[in-house]
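The next block is data04.txt, given as compact mmCIF, C-alpha atoms.
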# COMPACT_ATOMS: atom_id res chain seq x y z
CA LEU A 215 -15.59 36.19 21.69
CA SER A 216 -18.21 33.65 22.79
CA ARG A 217 -20.96 36.26 22.34
CA LEU A 218 -19.70 37.04 18.84
CA LEU A 219 -19.59 33.33 18.01
CA ARG A 220 -23.18 32.86 19.23
CA GLU A 221 -24.47 35.92 17.39
CA THR A 222 -22.84 34.96 14.09
CA GLU A 223 -23.46 31.21 14.18
CA ALA A 224 -26.26 31.35 11.57
CA ILE A 225 -24.16 33.46 9.19
CA ARG A 226 -21.14 31.19 9.54
CA THR A 227 -23.24 28.03 9.13
CA ASP A 228 -24.90 29.41 6.00
CA ALA A 229 -21.51 30.38 4.56
CA ALA A 230 -20.06 26.92 5.31
CA MET A 231 -23.06 25.18 3.76
CA SER A 232 -22.88 27.41 0.68
CA ASP A 233 -19.18 26.72 0.29
CA LEU A 234 -19.76 22.98 0.62
CA GLU A 235 -22.60 23.08 -1.92
CA ARG A 236 -20.46 25.10 -4.35
CA LYS A 237 -17.58 22.62 -4.05
CA GLU A 238 -19.91 19.66 -4.57
CA CYS A 239 -21.41 21.27 -7.68
CA GLN A 240 -17.95 21.97 -9.07
CA GLU A 241 -16.88 18.38 -8.42
CA PHE A 242 -20.05 17.07 -10.07
CA LYS A 243 -19.50 19.36 -13.05
CA GLY A 244 -15.93 18.05 -13.43
CA ALA A 245 -17.16 14.45 -13.25
CA MET A 246 -19.86 15.18 -15.84
CA MET A 247 -17.29 16.75 -18.17
CA ASP A 248 -15.10 13.66 -17.84
CA ALA A 249 -18.13 11.43 -18.49
CA CYS A 250 -19.06 13.46 -21.59
CA GLN A 251 -15.53 13.17 -22.95
CA ALA A 252 -15.56 9.42 -22.38
CA ALA A 253 -19.01 9.09 -23.98
CA VAL A 254 -17.91 11.04 -27.05
CA ALA A 255 -14.67 9.06 -27.34
CA THR A 256 -16.52 5.71 -27.19
CA SER A 257 -19.49 6.77 -29.31
CA PRO A 258 -20.04 4.76 -32.50
CA ALA A 259 -20.16 8.07 -34.37
CA ALA A 260 -16.58 8.74 -33.29
CA GLN A 261 -15.32 5.45 -34.69
CA VAL A 262 -15.03 6.78 -38.28
CA GLY A 263 -11.81 5.93 -40.01
CA GLU A 264 -11.42 2.45 -38.59
CA VAL A 265 -10.98 -0.26 -41.14
CA ASP A 266 -13.15 -3.35 -41.25
CA GLU A 267 -11.99 -6.02 -43.72
CA GLY A 268 -10.10 -3.50 -45.82
CA ARG A 269 -12.95 -1.03 -46.10
CA PRO A 270 -13.59 2.01 -43.90
CA LYS A 271 -16.50 1.62 -41.53
CA PRO A 272 -19.45 3.72 -42.55
CA ARG A 273 -20.21 6.65 -40.27
CA VAL A 274 -23.17 6.00 -38.00
CA GLN A 275 -25.91 8.52 -38.60
CA GLY A 276 -27.82 10.08 -35.74
CA ASN A 277 -26.98 11.12 -32.23
CA ASP A 278 -25.61 8.87 -29.53
CA ALA A 279 -28.13 8.67 -26.63
CA VAL A 280 -25.40 8.42 -23.97
CA VAL A 281 -23.64 11.53 -25.29
CA LEU A 282 -26.93 13.44 -25.36
CA GLN A 283 -27.75 12.34 -21.81
CA CYS A 284 -24.33 13.48 -20.56
CA LEU A 285 -24.64 16.82 -22.31
CA GLU A 286 -28.11 17.34 -20.83
CA LYS A 287 -26.87 16.62 -17.29
CA LEU A 288 -23.84 18.89 -17.82
CA SER A 289 -26.15 21.66 -19.01
CA ARG A 290 -28.36 21.24 -15.93
CA ILE A 291 -25.44 21.42 -13.51
CA GLN A 292 -24.08 24.51 -15.25
CA SER A 293 -27.52 26.10 -14.98
CA THR A 294 -27.69 25.19 -11.28
CA ILE A 295 -24.26 26.72 -10.70
CA SER A 296 -25.33 29.92 -12.49
CA ASP A 297 -28.55 30.12 -10.47
CA LYS A 298 -26.90 29.55 -7.08
CA SER A 299 -23.74 31.55 -7.68
CA PRO A 300 -25.20 34.86 -6.42
CA HIS A 301 -26.32 33.20 -3.17
CA TRP A 302 -22.88 31.65 -2.68
CA LYS A 303 -21.16 34.97 -3.27
CA ALA A 304 -23.52 36.80 -0.91
CA ALA A 305 -22.95 34.26 1.86
CA GLU A 306 -19.19 34.51 1.37
CA GLN A 307 -19.27 38.32 1.45
CA GLU A 308 -21.43 38.34 4.58
CA ALA A 309 -19.22 35.83 6.39
CA GLY A 310 -15.94 37.54 5.44
CA PRO A 311 -16.05 40.43 7.93
CA VAL A 312 -17.47 38.14 10.62
CA SER A 313 -14.61 35.68 10.16
CA ALA A 314 -12.08 38.50 10.30
CA LYS A 315 -13.64 39.84 13.51
CA ILE A 316 -13.64 36.36 15.08
CA GLU A 317 -10.01 35.82 14.15
CA GLU A 318 -9.09 39.21 15.62
CA GLN A 319 -10.90 38.34 18.87
CA ARG A 320 -9.15 34.96 19.05
CA GLU A 321 -5.74 36.58 18.62
CA LEU A 322 -6.59 39.14 21.29
CA LYS A 323 -7.72 36.38 23.65
CA ALA A 324 -4.53 34.37 23.00
CA ARG A 325 -2.35 37.41 23.79
CA ALA A 326 -4.32 38.15 26.95
CA MET A 327 -4.08 34.54 28.11
CA SER A 328 -0.35 34.50 27.43
CA GLN A 329 0.11 37.69 29.46
CA LEU A 330 -2.02 36.28 32.27
CA VAL A 331 -0.01 33.06 32.41
CA GLU A 332 3.25 35.02 32.46
CA PHE A 333 1.93 37.29 35.22
CA LEU A 334 0.77 34.33 37.31
CA GLU A 335 4.12 32.58 36.91
CA LEU A 336 5.96 35.71 38.07
CA ARG A 337 3.62 36.16 41.04
CA THR A 338 4.03 32.50 41.97
CA ASP A 339 7.80 32.82 41.89
CA GLU A 340 7.67 35.98 44.02
CA ARG A 341 5.38 34.32 46.56
CA ARG A 342 7.64 31.25 46.71
CA VAL A 343 10.69 33.46 47.40
CA ARG A 344 8.80 35.35 50.14
CA LEU A 345 7.52 32.13 51.67
CA GLU A 346 11.01 30.60 51.72
CA ALA A 347 12.44 33.78 53.24
CA GLY A 348 9.69 33.81 55.87
CA LEU A 349 10.33 30.16 56.70
CA GLN A 350 14.05 30.85 57.04
CA GLU A 351 13.31 33.60 59.53
CA VAL A 352 10.85 31.56 61.57
CA LEU A 353 12.54 28.16 61.62
CA PRO A 354 15.54 27.79 63.90
CA THR A 355 18.88 27.18 62.25
CA PRO A 356 21.19 24.43 63.50
CA CYS A 357 24.19 25.39 65.58
CA GLY A 358 27.15 26.42 63.53
CA SER A 359 25.34 26.71 60.24
CA PRO A 360 24.84 30.12 58.71
CA ARG A 361 21.36 31.58 58.74
CA GLY A 362 19.70 31.22 55.32
CA SER A 363 20.98 27.81 54.22
CA PRO A 364 21.11 27.07 50.49
CA ARG A 365 17.81 26.82 48.66
CA GLY A 366 16.33 23.37 48.66
CA SER A 367 18.11 22.19 51.83
CA SER A 368 16.16 21.70 54.98
CA PRO A 369 17.42 22.62 58.44
CA HIS A 370 16.03 19.28 59.65
CA THR A 371 18.27 17.43 57.24
CA ASN A 372 21.31 19.30 58.59
CA TRP A 373 20.46 18.37 62.22
CA THR A 374 20.12 14.66 61.47
CA ASN A 375 23.34 14.57 59.49
CA ALA A 376 25.28 16.65 62.03
CA GLY A 377 25.06 14.46 64.91
Output the structure of this file as structure tokens.
Amino acid sequence: LSRLLRETEAIRTDAAMSDLERKECQEFKGAMMDACQAAVATSPAAQVGEVDEGRPKPRVQGNDAVVLQCLEKLSRIQSTISDKSPHWKAAEQEAGPVSAKIEEQRELKARAMSQLVEFLELRTDERRVRLEAGLQEVLPTPCGSPRGSPRGSSPHTNWTNAG
């Protein structure tokens, strides 16, 4: 897994950067569309139909500079998105199989670690039982008490309490 991560770091970094750039462009495009709508809504040319002292306001001739500026910026960002879209798609397609392989390796590692932990816990329990049985055989038992006293009790405790 670590080898795969090292070998694919450049691909994954490029894909992440491309995705971030794409998201930023989309956010900027959305902001520019909102700005264009606001510029059009507040443009003097859009104020036709309002009444000033009983007479309709005359329509302002010409183009609003703010509206034109917003439309120009919106056009540039759309052009940028169109130009970079193939690169973004290529990076995503290249990173897709790599990401799937990494995820598969991580799942495999997690299963192996889980099995190892379970195995070690079982072996530890078995060793503890053997050790306790060996200690029971080696350590003398107090007079009158059955060999193999209950788990957790110590023969030394029985001697001090017995007499």
Note to self: Neighbouring residues of segment 288-299 of chain A were defined as those with any atom within 8 Å, considering all atoms listed in the file; residues of the same chain fewer than 4 positions away were excluded. Please report them as a ChimeraX atom specification.
What the structure shows: /A:236,239,242-243,246-247,284,303
Write out as JSON an axis-aligned box for segment 283-295 of chain A: all of its atoms listed in the file, 8 Å added on each side, centre and edge lengths in Å with one decimal.
{"center_x": -26.1, "center_y": 19.5, "center_z": -16.5, "size_x": 20.5, "size_y": 30.4, "size_z": 27.6}
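The coordinates place atom CA of Glu235 of chain A at 20.0 Å from atom CA of Asp248 of chain A.
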Notebook entry, point to check: How many Å separate atom CA of Glu221 of chain A from atom CA of Val331 of chain A?
Noted result: 28.8 Å
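Distance check against Ala304 of chain A using all atoms listed in the file: of A:Gln350, A:Ala229, A:Leu219, A:Glu321, the minimum falls on A:Ala229.
Restricting the calculation to all atoms listed in the file, the smallest distance between Ala253 of chain A and any of A:Lys323, A:Arg337, A:Lys287, A:Val280 is found for A:Val280.
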Just add all heavy atoms to segment 293-304 of chain A and send it as a short mmCIF file (atom, residue, chain, number, x, y, z; two decimals), in the coordinates of the input.
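result.cif written:
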data_model
loop_
_atom_site.label_atom_id
_atom_site.label_comp_id
_atom_site.auth_asym_id
_atom_site.auth_seq_id
_atom_site.Cartn_x
_atom_site.Cartn_y
_atom_site.Cartn_z
N SER A 293 -26.40 25.20 -15.27
CA SER A 293 -27.52 26.10 -14.98
C SER A 293 -27.70 26.25 -13.47
O SER A 293 -27.92 27.36 -12.97
CB SER A 293 -28.79 25.53 -15.61
OG SER A 293 -29.90 26.32 -15.27
N THR A 294 -27.57 25.15 -12.74
CA THR A 294 -27.69 25.19 -11.28
C THR A 294 -26.59 26.07 -10.68
O THR A 294 -26.86 26.89 -9.79
CB THR A 294 -27.59 23.76 -10.69
OG1 THR A 294 -28.66 22.98 -11.21
CG2 THR A 294 -27.65 23.77 -9.18
N ILE A 295 -25.39 25.91 -11.19
CA ILE A 295 -24.26 26.72 -10.70
C ILE A 295 -24.52 28.20 -10.97
O ILE A 295 -24.31 29.05 -10.10
CB ILE A 295 -22.93 26.25 -11.33
CG1 ILE A 295 -22.54 24.89 -10.77
CG2 ILE A 295 -21.82 27.28 -11.10
CD1 ILE A 295 -21.35 24.24 -11.45
N SER A 296 -25.02 28.52 -12.16
CA SER A 296 -25.33 29.92 -12.49
C SER A 296 -26.42 30.48 -11.59
O SER A 296 -26.35 31.63 -11.16
CB SER A 296 -25.76 30.03 -13.95
OG SER A 296 -24.71 29.71 -14.80
N ASP A 297 -27.45 29.66 -11.31
CA ASP A 297 -28.55 30.12 -10.47
C ASP A 297 -28.12 30.36 -9.02
O ASP A 297 -28.57 31.30 -8.38
CB ASP A 297 -29.71 29.11 -10.48
CG ASP A 297 -30.41 29.03 -11.84
OD1 ASP A 297 -30.21 29.93 -12.67
OD2 ASP A 297 -31.14 28.04 -12.05
N LYS A 298 -27.28 29.49 -8.50
CA LYS A 298 -26.90 29.55 -7.08
C LYS A 298 -25.68 30.42 -6.82
O LYS A 298 -25.40 30.77 -5.67
CB LYS A 298 -26.66 28.15 -6.54
CG LYS A 298 -27.94 27.34 -6.49
CD LYS A 298 -27.73 26.02 -5.82
CE LYS A 298 -29.05 25.27 -5.73
NZ LYS A 298 -28.95 24.11 -4.88
N SER A 299 -24.96 30.77 -7.84
CA SER A 299 -23.74 31.55 -7.68
C SER A 299 -23.96 32.86 -6.92
O SER A 299 -23.16 33.19 -6.03
CB SER A 299 -23.10 31.81 -9.04
OG SER A 299 -21.87 32.44 -8.89
N PRO A 300 -25.00 33.62 -7.19
CA PRO A 300 -25.20 34.86 -6.42
C PRO A 300 -25.40 34.59 -4.92
O PRO A 300 -24.88 35.35 -4.09
CB PRO A 300 -26.47 35.47 -7.03
CG PRO A 300 -26.54 34.90 -8.41
CD PRO A 300 -25.95 33.52 -8.31
N HIS A 301 -26.12 33.55 -4.58
CA HIS A 301 -26.32 33.20 -3.17
C HIS A 301 -24.99 32.84 -2.52
O HIS A 301 -24.71 33.25 -1.39
CB HIS A 301 -27.31 32.05 -3.03
CG HIS A 301 -27.40 31.51 -1.63
ND1 HIS A 301 -28.02 32.20 -0.61
CD2 HIS A 301 -26.93 30.36 -1.08
CE1 HIS A 301 -27.92 31.50 0.51
NE2 HIS A 301 -27.27 30.38 0.25
N TRP A 302 -24.18 32.06 -3.22
CA TRP A 302 -22.88 31.65 -2.68
C TRP A 302 -21.99 32.86 -2.44
O TRP A 302 -21.32 32.97 -1.42
CB TRP A 302 -22.18 30.66 -3.61
CG TRP A 302 -22.91 29.36 -3.79
CD1 TRP A 302 -23.80 28.79 -2.94
CD2 TRP A 302 -22.80 28.46 -4.89
NE1 TRP A 302 -24.25 27.59 -3.43
CE2 TRP A 302 -23.65 27.36 -4.64
CE3 TRP A 302 -22.07 28.47 -6.07
CZ2 TRP A 302 -23.79 26.29 -5.51
CZ3 TRP A 302 -22.20 27.41 -6.94
CH2 TRP A 302 -23.04 26.33 -6.66
N LYS A 303 -21.98 33.77 -3.41
CA LYS A 303 -21.16 34.97 -3.27
C LYS A 303 -21.64 35.85 -2.12
O LYS A 303 -20.85 36.39 -1.36
CB LYS A 303 -21.15 35.76 -4.58
CG LYS A 303 -20.31 35.12 -5.66
CD LYS A 303 -20.32 35.93 -6.94
CE LYS A 303 -19.53 35.19 -8.00
NZ LYS A 303 -19.59 35.90 -9.29
N ALA A 304 -22.96 35.99 -2.00
CA ALA A 304 -23.52 36.80 -0.91
C ALA A 304 -23.17 36.22 0.45
O ALA A 304 -22.80 36.95 1.37
CB ALA A 304 -25.04 36.91 -1.07
#
